[in-house]
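Visitor: Input start-v5.cif, format and content: mmCIF, C-alpha atoms.
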data_data
loop_
_atom_site.group_PDB
_atom_site.id
_atom_site.type_symbol
_atom_site.label_atom_id
_atom_site.label_comp_id
_atom_site.auth_asym_id
_atom_site.auth_seq_id
_atom_site.Cartn_x
_atom_site.Cartn_y
_atom_site.Cartn_z
ATOM 1 C CA GLN K 1 11.115 -31.952 -36.509
ATOM 2 C CA LYS K 2 8.360 -34.121 -35.086
ATOM 3 C CA GLU K 3 8.178 -37.700 -36.272
ATOM 4 C CA VAL K 4 4.525 -37.331 -37.244
ATOM 5 C CA GLU K 5 3.063 -33.925 -38.061
ATOM 6 C CA GLN K 6 -0.526 -32.860 -38.497
ATOM 7 C CA ASN K 7 -2.204 -29.499 -38.731
ATOM 8 C CA SER K 8 -4.043 -29.053 -35.429
ATOM 9 C CA GLY K 9 -6.967 -27.224 -37.055
ATOM 10 C CA PRO K 10 -9.777 -26.773 -36.457
ATOM 11 C CA LEU K 11 -10.776 -27.726 -39.969
ATOM 12 C CA SER K 12 -14.346 -26.610 -40.571
ATOM 13 C CA VAL K 13 -16.358 -28.038 -43.448
ATOM 14 C CA PRO K 14 -20.080 -27.802 -44.245
ATOM 15 C CA GLU K 15 -22.247 -30.878 -43.967
ATOM 16 C CA GLY K 16 -22.063 -32.982 -47.129
ATOM 17 C CA ALA K 17 -18.651 -31.674 -48.174
ATOM 18 C CA ILE K 18 -15.380 -33.577 -48.438
ATOM 19 C CA ALA K 19 -13.005 -33.196 -45.508
ATOM 20 C CA SER K 20 -9.307 -33.642 -46.294
ATOM 21 C CA LEU K 21 -6.890 -34.401 -43.478
ATOM 22 C CA ASN K 22 -3.142 -34.603 -43.980
ATOM 23 C CA CYS K 23 -0.204 -36.106 -42.137
ATOM 24 C CA THR K 24 3.536 -36.169 -42.833
ATOM 25 C CA TYR K 25 6.109 -38.431 -41.241
ATOM 26 C CA SER K 26 9.880 -38.408 -41.046
ATOM 27 C CA ASP K 27 10.926 -42.077 -40.809
ATOM 28 C CA ARG K 28 11.451 -43.568 -44.286
ATOM 29 C CA GLY K 29 11.434 -47.026 -42.696
ATOM 30 C CA SER K 30 7.801 -46.701 -41.596
ATOM 31 C CA GLN K 31 5.564 -49.379 -43.081
ATOM 32 C CA SER K 32 2.222 -49.168 -41.296
ATOM 33 C CA PHE K 33 -0.080 -46.153 -41.254
ATOM 34 C CA PHE K 34 -3.322 -45.661 -39.400
ATOM 35 C CA TRP K 35 -6.039 -43.105 -38.903
ATOM 36 C CA TYR K 36 -7.867 -42.949 -35.589
ATOM 37 C CA ARG K 37 -10.869 -40.894 -34.600
ATOM 38 C CA GLN K 38 -11.113 -39.548 -31.073
ATOM 39 C CA TYR K 39 -14.206 -37.902 -29.694
ATOM 40 C CA SER K 40 -13.735 -35.513 -26.797
ATOM 41 C CA GLY K 41 -13.221 -37.421 -23.546
ATOM 42 C CA LYS K 42 -13.123 -40.793 -25.319
ATOM 43 C CA SER K 43 -10.338 -43.133 -26.384
ATOM 44 C CA PRO K 44 -9.157 -43.326 -30.005
ATOM 45 C CA GLU K 45 -10.873 -45.762 -32.351
ATOM 46 C CA LEU K 46 -9.274 -47.154 -35.486
ATOM 47 C CA ILE K 47 -10.996 -46.121 -38.711
ATOM 48 C CA MET K 48 -8.471 -46.856 -41.478
ATOM 49 C CA SER K 49 -5.185 -48.628 -42.036
ATOM 50 C CA ILE K 50 -2.973 -48.459 -45.117
ATOM 51 C CA TYR K 51 0.311 -50.138 -45.936
ATOM 52 C CA SER K 52 0.888 -49.662 -49.699
ATOM 53 C CA ASN K 53 1.149 -46.610 -51.889
ATOM 54 C CA GLY K 54 -2.116 -45.481 -53.384
ATOM 55 C CA ASP K 55 -5.685 -45.227 -52.206
ATOM 56 C CA LYS K 56 -7.737 -47.436 -49.932
ATOM 57 C CA GLU K 57 -11.468 -46.902 -49.633
ATOM 58 C CA ASP K 58 -13.832 -47.971 -46.878
ATOM 59 C CA GLY K 59 -17.314 -46.520 -47.075
ATOM 60 C CA ARG K 60 -17.104 -42.732 -46.862
ATOM 61 C CA PHE K 61 -13.416 -42.859 -45.912
ATOM 62 C CA THR K 62 -10.437 -42.972 -48.281
ATOM 63 C CA ALA K 63 -6.853 -43.203 -47.056
ATOM 64 C CA GLN K 64 -4.057 -42.174 -49.394
ATOM 65 C CA LEU K 65 -0.395 -43.036 -48.959
ATOM 66 C CA ASN K 66 2.635 -41.635 -50.783
ATOM 67 C CA LYS K 67 5.821 -43.096 -49.317
ATOM 68 C CA ALA K 68 8.115 -41.157 -51.645
ATOM 69 C CA SER K 69 6.713 -37.877 -50.335
ATOM 70 C CA GLN K 70 6.191 -39.282 -46.834
ATOM 71 C CA TYR K 71 2.618 -38.264 -46.422
ATOM 72 C CA VAL K 72 -0.637 -39.974 -45.689
ATOM 73 C CA SER K 73 -4.051 -38.399 -45.971
ATOM 74 C CA LEU K 74 -7.645 -39.167 -45.078
ATOM 75 C CA LEU K 75 -10.636 -38.045 -47.115
ATOM 76 C CA ILE K 76 -14.101 -38.096 -45.607
ATOM 77 C CA ARG K 77 -16.864 -37.827 -48.198
ATOM 78 C CA ASP K 78 -20.367 -36.572 -47.427
ATOM 79 C CA SER K 79 -19.185 -35.249 -44.049
ATOM 80 C CA GLN K 80 -21.725 -35.461 -41.236
ATOM 81 C CA PRO K 81 -21.904 -33.521 -37.942
ATOM 82 C CA SER K 82 -21.206 -36.858 -36.225
ATOM 83 C CA ASP K 83 -17.791 -36.864 -37.925
ATOM 84 C CA SER K 84 -16.782 -33.890 -35.777
ATOM 85 C CA ALA K 85 -13.854 -35.201 -33.748
ATOM 86 C CA THR K 86 -10.074 -35.160 -33.589
ATOM 87 C CA TYR K 87 -8.387 -37.350 -36.201
ATOM 88 C CA LEU K 88 -5.058 -38.879 -35.237
ATOM 89 C CA CYS K 89 -2.473 -40.131 -37.682
ATOM 90 C CA ALA K 90 -0.270 -42.981 -36.392
ATOM 91 C CA VAL K 91 2.865 -44.335 -38.023
ATOM 92 C CA ASN K 92 5.074 -47.188 -36.913
ATOM 93 C CA ARG K 93 8.668 -46.396 -36.098
ATOM 94 C CA GLY K 94 10.610 -48.289 -38.763
ATOM 95 C CA GLY K 95 11.420 -51.865 -37.815
ATOM 96 C CA THR K 96 9.320 -51.746 -34.641
ATOM 97 C CA TYR K 97 5.759 -52.293 -33.494
ATOM 98 C CA LYS K 98 5.716 -48.918 -31.749
ATOM 99 C CA TYR K 99 3.302 -46.419 -33.242
ATOM 100 C CA ILE K 100 3.921 -42.705 -33.017
ATOM 101 C CA PHE K 101 0.878 -40.467 -33.015
ATOM 102 C CA GLY K 102 0.528 -37.011 -34.436
ATOM 103 C CA THR K 103 -1.075 -34.278 -32.358
ATOM 104 C CA GLY K 104 -4.316 -34.720 -34.292
ATOM 105 C CA THR K 105 -6.487 -32.501 -36.468
ATOM 106 C CA ARG K 106 -9.757 -31.277 -35.007
ATOM 107 C CA LEU K 107 -12.552 -31.519 -37.569
ATOM 108 C CA LYS K 108 -15.793 -29.584 -37.232
ATOM 109 C CA VAL K 109 -18.643 -30.417 -39.597
ATOM 110 C CA LEU K 110 -21.152 -27.606 -39.679
ATOM 111 C CA ALA K 111 -24.834 -28.497 -40.042
ATOM 112 C CA GLU Q 1 -16.691 -60.706 -27.313
ATOM 113 C CA ALA Q 2 -12.976 -59.943 -27.606
ATOM 114 C CA ASP Q 3 -12.153 -56.611 -26.044
ATOM 115 C CA ILE Q 4 -9.771 -54.606 -23.881
ATOM 116 C CA TYR Q 5 -10.811 -53.436 -20.435
ATOM 117 C CA GLN Q 6 -9.452 -50.748 -18.157
ATOM 118 C CA THR Q 7 -10.371 -50.148 -14.542
ATOM 119 C CA PRO Q 8 -11.097 -47.907 -12.828
ATOM 120 C CA ARG Q 9 -12.647 -45.503 -15.327
ATOM 121 C CA TYR Q 10 -12.097 -42.543 -12.975
ATOM 122 C CA LEU Q 11 -9.827 -42.303 -9.929
ATOM 123 C CA VAL Q 12 -9.314 -39.418 -7.516
ATOM 124 C CA ILE Q 13 -6.602 -40.114 -4.977
ATOM 125 C CA GLY Q 14 -4.437 -38.280 -2.479
ATOM 126 C CA THR Q 15 -0.765 -37.447 -2.870
ATOM 127 C CA GLY Q 16 1.595 -40.197 -1.771
ATOM 128 C CA LYS Q 17 -0.821 -43.089 -2.310
ATOM 129 C CA LYS Q 18 0.124 -46.183 -4.281
ATOM 130 C CA ILE Q 19 -2.143 -46.910 -7.219
ATOM 131 C CA THR Q 20 -2.488 -49.636 -9.812
ATOM 132 C CA LEU Q 21 -4.332 -49.110 -13.064
ATOM 133 C CA GLU Q 22 -5.657 -52.351 -14.496
ATOM 134 C CA CYS Q 23 -5.681 -53.351 -18.150
ATOM 135 C CA SER Q 24 -6.853 -56.698 -19.493
ATOM 136 C CA GLN Q 25 -7.544 -57.902 -23.004
ATOM 137 C CA THR Q 26 -9.302 -60.958 -24.356
ATOM 138 C CA MET Q 27 -8.074 -60.492 -27.928
ATOM 139 C CA GLY Q 28 -5.089 -62.825 -27.635
ATOM 140 C CA HIS Q 29 -2.673 -60.040 -28.571
ATOM 141 C CA ASP Q 30 0.984 -60.353 -27.640
ATOM 142 C CA LYS Q 31 1.695 -56.622 -27.764
ATOM 143 C CA MET Q 32 0.360 -54.189 -25.201
ATOM 144 C CA TYR Q 33 1.002 -50.518 -24.586
ATOM 145 C CA TRP Q 34 0.353 -47.705 -22.112
ATOM 146 C CA TYR Q 35 -0.127 -44.153 -23.364
ATOM 147 C CA GLN Q 36 -0.563 -40.947 -21.397
ATOM 148 C CA GLN Q 37 -2.719 -38.146 -22.766
ATOM 149 C CA ASP Q 38 -3.501 -34.768 -21.247
ATOM 150 C CA PRO Q 39 -6.755 -33.066 -22.367
ATOM 151 C CA GLY Q 40 -6.456 -31.787 -25.944
ATOM 152 C CA MET Q 41 -2.882 -32.981 -26.193
ATOM 153 C CA GLU Q 42 -1.103 -35.766 -28.038
ATOM 154 C CA LEU Q 43 -0.639 -39.344 -26.909
ATOM 155 C CA HIS Q 44 2.721 -40.232 -25.401
ATOM 156 C CA LEU Q 45 3.955 -43.820 -25.148
ATOM 157 C CA ILE Q 46 5.116 -44.554 -21.598
ATOM 158 C CA HIS Q 47 5.441 -48.369 -21.553
ATOM 159 C CA TYR Q 48 5.111 -51.295 -23.905
ATOM 160 C CA SER Q 49 5.369 -55.063 -23.869
ATOM 161 C CA TYR Q 50 5.826 -57.536 -26.687
ATOM 162 C CA GLY Q 51 4.982 -60.567 -24.567
ATOM 163 C CA VAL Q 52 5.070 -62.204 -21.158
ATOM 164 C CA ASN Q 53 8.002 -61.050 -18.992
ATOM 165 C CA SER Q 54 8.918 -58.426 -21.600
ATOM 166 C CA THR Q 55 8.483 -54.732 -20.713
ATOM 167 C CA GLU Q 56 10.163 -51.602 -22.004
ATOM 168 C CA LYS Q 57 9.955 -47.896 -21.260
ATOM 169 C CA GLY Q 58 8.475 -45.690 -23.942
ATOM 170 C CA ASP Q 59 9.383 -42.265 -25.232
ATOM 171 C CA LEU Q 60 7.964 -40.242 -22.357
ATOM 172 C CA SER Q 61 9.774 -40.644 -19.072
ATOM 173 C CA SER Q 62 7.379 -41.883 -16.438
ATOM 174 C CA GLU Q 63 7.689 -42.735 -12.766
ATOM 175 C CA SER Q 64 5.231 -45.560 -13.258
ATOM 176 C CA THR Q 65 6.146 -49.230 -13.612
ATOM 177 C CA VAL Q 66 4.453 -52.099 -15.427
ATOM 178 C CA SER Q 67 4.457 -55.866 -15.331
ATOM 179 C CA ARG Q 68 3.429 -58.595 -17.783
ATOM 180 C CA ILE Q 69 3.064 -61.899 -15.993
ATOM 181 C CA ARG Q 70 0.119 -63.069 -18.096
ATOM 182 C CA THR Q 71 -0.532 -62.381 -21.771
ATOM 183 C CA GLU Q 72 -3.905 -60.813 -21.098
ATOM 184 C CA HIS Q 73 -2.930 -58.562 -18.189
ATOM 185 C CA PHE Q 74 -0.739 -55.411 -18.228
ATOM 186 C CA PRO Q 75 -1.156 -53.352 -15.037
ATOM 187 C CA LEU Q 76 0.505 -49.981 -14.445
ATOM 188 C CA THR Q 77 1.608 -48.968 -10.937
ATOM 189 C CA LEU Q 78 2.510 -45.657 -9.379
ATOM 190 C CA GLU Q 79 4.251 -46.167 -6.028
ATOM 191 C CA SER Q 80 3.640 -42.632 -4.783
ATOM 192 C CA ALA Q 81 1.119 -40.534 -6.680
ATOM 193 C CA ARG Q 82 1.746 -36.807 -7.172
ATOM 194 C CA PRO Q 83 -0.406 -34.041 -8.688
ATOM 195 C CA SER Q 84 1.898 -34.069 -11.754
ATOM 196 C CA HIS Q 85 0.613 -37.601 -12.480
ATOM 197 C CA THR Q 86 -2.863 -36.249 -13.129
ATOM 198 C CA SER Q 87 -3.703 -37.299 -16.673
ATOM 199 C CA GLN Q 88 -5.607 -39.829 -18.768
ATOM 200 C CA TYR Q 89 -3.939 -43.223 -19.107
ATOM 201 C CA LEU Q 90 -4.844 -45.314 -22.147
ATOM 202 C CA CYS Q 91 -4.022 -48.989 -22.546
ATOM 203 C CA ALA Q 92 -3.877 -50.578 -25.999
ATOM 204 C CA SER Q 93 -3.162 -53.964 -27.519
ATOM 205 C CA SER Q 94 -2.319 -55.024 -31.052
ATOM 206 C CA ASP Q 95 -1.514 -57.889 -33.325
ATOM 207 C CA ASP Q 96 1.162 -57.393 -35.935
ATOM 208 C CA TYR Q 97 -1.037 -56.003 -38.646
ATOM 209 C CA TYR Q 98 -4.255 -54.293 -37.692
ATOM 210 C CA GLY Q 99 -3.106 -51.509 -35.404
ATOM 211 C CA TYR Q 100 -4.119 -50.763 -31.869
ATOM 212 C CA THR Q 101 -7.322 -51.377 -30.014
ATOM 213 C CA PHE Q 102 -7.614 -48.968 -27.109
ATOM 214 C CA GLY Q 103 -9.350 -49.447 -23.795
ATOM 215 C CA SER Q 104 -11.738 -46.808 -22.463
ATOM 216 C CA GLY Q 105 -8.975 -45.184 -20.427
ATOM 217 C CA THR Q 106 -8.493 -44.236 -16.779
ATOM 218 C CA ARG Q 107 -8.782 -40.582 -15.891
ATOM 219 C CA LEU Q 108 -6.521 -40.085 -12.861
ATOM 220 C CA THR Q 109 -6.650 -37.045 -10.600
ATOM 221 C CA VAL Q 110 -4.143 -36.712 -7.773
ATOM 222 C CA VAL Q 111 -5.072 -34.133 -5.161
#
Kindly return the structure encoded in the file as structure tokens.

Guide:
Amino acid sequence: QKEVEQNSGPLSVPEGAIASLNCTYSDRGSQSFFWYRQYSGKSPELIMSIYSNGDKEDGRFTAQLNKASQYVSLLIRDSQPSDSATYLCAVNRGGTYKYIFGTGTRLKVLA
Amino acid sequence: EADIYQTPRYLVIGTGKKITLECSQTMGHDKMYWYQQDPGMELHLIHYSYGVNSTEKGDLSSESTVSRIRTEHFPLTLESARPSHTSQYLCASSDDYYGYTFGSGTRLTVV
């Protein structure tokens, strides 16, 4: 079992729809959770962080964390073609500052 | 402006050559990391450092070495480049809370 698992996609959604991206992790000691966006040929950029159970909203993005079920998700409202990218989930290995990345989910927003 | 810089952006080099990939940050972060990423594939941690004179190997075995003599500088060296080293190398830094900031990456091709 991988430490951080994501569906590789592609996930295709029409413009204006809500895109839902999911991530599960195996280490119950993990405390920090991040979502990164990576455009093709570019380096990842941080878009959301979440540390407590529940929802955290930032503009069109909402991160959701459920530690009991060991999953974290990212919702993108009013999806735009410019949101088309690979979304990486990152989770710290419990008790460390090392972050383990999932393989990423490729999102395609269709105009 | 605080940032993280990687040079060179692209490097094509012959087999057997020694190379050093540079990474510098002006963010004042103690923690720095090197990741390796092949096109369309996941990020693999190859080295990390929690401060000056502190370096550790990551999860992916790598023939490269790193040093951390100054807080802001974390170079990666390959003593003898081989075609199997062809990849993208991403440097990142972090504080304890807000996740990674990545550099633009170095795309290395060994011919």

Visitor: Go through K:Asp78, K:Asp83, K:Glu5, K:Glu15 one by one, measure the shortest atom-to-atom distance of each to chain Q using only C-alpha atoms, and give the residue with the smallest value.

Guide: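 Using only C-alpha atoms, chain Q sits closest to K:Glu5.
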
Visitor: Please write as a list of chain:residue names the full residue list that the PyMOL selection byres ((chain K and resi 109) around 12) yields on this file.

Guide: K:Pro10, K:Leu11, K:Ser12, K:Val13, K:Pro14, K:Glu15, K:Gly16, K:Ala17, K:Ile18, K:Ala19, K:Ser20, K:Ile76, K:Arg77, K:Asp78, K:Ser79, K:Gln80, K:Pro81, K:Ser82, K:Asp83, K:Ser84, K:Ala85, K:Thr86, K:Arg106, K:Leu107, K:Lys108, K:Leu110, K:Ala111

Visitor: Under the rule that all atoms listed in the file are counted, which of Q:Leu45, Q:Leu76, Q:Ile69, Q:Leu60 is the nearest residue to chain K?

Guide: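 Using all atoms listed in the file, the shortest distance to chain K belongs to Q:Leu45.
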
Visitor: Find the residues near region 77-92 of chain Q: any atom within 6 Å, counting all atoms listed in the file, skip ones fewer than 6 places away on the same chain, and give them as a PyMOL selection string.

Guide: chain Q and resi 15-20+32-38+64-65+100-103+105-111

Visitor: Return as a tab-separated table the residues of chain K lying at most 9 Å from chain Q, together with the closest atom-to-atom pair for each and the distance in Å to one decimal, counting only C-alpha atoms, with rows in chain order and ascending residue number.

Guide:
residue	atom	partner	partner_atom	distance
K:Ser32	CA	Q:Tyr97	CA	8.0
K:Phe33	CA	Q:Gly99	CA	8.5
K:Phe34	CA	Q:Gly99	CA	7.1
K:Ser40	CA	Q:Gly40	CA	8.2
K:Gly41	CA	Q:Pro39	CA	7.9
K:Lys42	CA	Q:Ser104	CA	6.8
K:Ser43	CA	Q:Ser104	CA	5.6
K:Pro44	CA	Q:Phe102	CA	6.5
K:Glu45	CA	Q:Phe102	CA	7.0
K:Leu46	CA	Q:Thr101	CA	7.2
K:Ser49	CA	Q:Tyr98	CA	7.2
K:Leu88	CA	Q:Glu42	CA	8.8
K:Tyr97	CA	Q:Asp96	CA	7.3
K:Lys98	CA	Q:Tyr48	CA	8.2
K:Tyr99	CA	Q:Gly99	CA	8.5
K:Ile100	CA	Q:Leu45	CA	7.9
K:Phe101	CA	Q:Leu43	CA	6.4
K:Gly102	CA	Q:Glu42	CA	6.7
K:Thr103	CA	Q:Glu42	CA	4.6
K:Gly104	CA	Q:Glu42	CA	7.1

Visitor: Please measure the separation of CA of Cys89 (chain K) and CA of Tyr25 (chain K), giving the value in Å to one decimal.

Guide: 9.4 Å

Visitor: Run the PyMOL selection byres ((chain Q and resi 5-8) around 7) mentally over the shown coordinates, then write out the matched residues as a PDB file with C-alpha atoms, in the frame of the given file, using the chain letters and numbers from the document.

Guide:
ATOM      1  CA  ASP Q   3     -12.153 -56.611 -26.044  1.00  0.00           C
ATOM      2  CA  ILE Q   4      -9.771 -54.606 -23.881  1.00  0.00           C
ATOM      3  CA  ARG Q   9     -12.647 -45.503 -15.327  1.00  0.00           C
ATOM      4  CA  TYR Q  10     -12.097 -42.543 -12.975  1.00  0.00           C
ATOM      5  CA  LEU Q  11      -9.827 -42.303  -9.929  1.00  0.00           C
ATOM      6  CA  LEU Q  21      -4.332 -49.110 -13.064  1.00  0.00           C
ATOM      7  CA  GLU Q  22      -5.657 -52.351 -14.496  1.00  0.00           C
ATOM      8  CA  CYS Q  23      -5.681 -53.351 -18.150  1.00  0.00           C
ATOM      9  CA  SER Q  24      -6.853 -56.698 -19.493  1.00  0.00           C
ATOM     10  CA  GLN Q  25      -7.544 -57.902 -23.004  1.00  0.00           C
ATOM     11  CA  GLY Q 103      -9.350 -49.447 -23.795  1.00  0.00           C
ATOM     12  CA  SER Q 104     -11.738 -46.808 -22.463  1.00  0.00           C
ATOM     13  CA  GLY Q 105      -8.975 -45.184 -20.427  1.00  0.00           C
ATOM     14  CA  THR Q 106      -8.493 -44.236 -16.779  1.00  0.00           C
TER      15      THR Q 106
END

Visitor: Out of K:Leu74, K:Ser52, K:Asn7, K:Asn92, which residue has the shortest atom-to-atom distance to Trp35 (chain K) when counting all atoms listed in the file?

Guide: K:Leu74

Visitor: Taking 4 positions as the minimum chain separation for residues in the same chain, which residues sit within 10 Å of Gln31 (chain K) when counting only C-alpha atoms? Answer as a list in words.

Guide: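 Answer for this query is Asp27, Ile50, Tyr51, Ser52, Lys67, Val91, Asn92, Arg93, Gly94, Gly95 and Thr96 of chain K.
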
Visitor: One decimal, Å: what's the distance from CA of Asn22 (chain K) over to CA of Ile47 (chain K), could you say?

Guide: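 Between these atoms lies a distance of 14.9 Å.
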
Visitor: To verify the selection step, state as a ChimeraX atom specification which residues the PyMOL selection byres ((chain K and resi 72) around 7) yields on this input.

Guide: /K:22-24,64-66,70-71,73

Visitor: Record the distance separating CA of Arg70 (chain Q) and CA of Tyr36 (chain K), expressed in Å with one decimal.

Guide: 27.8 Å
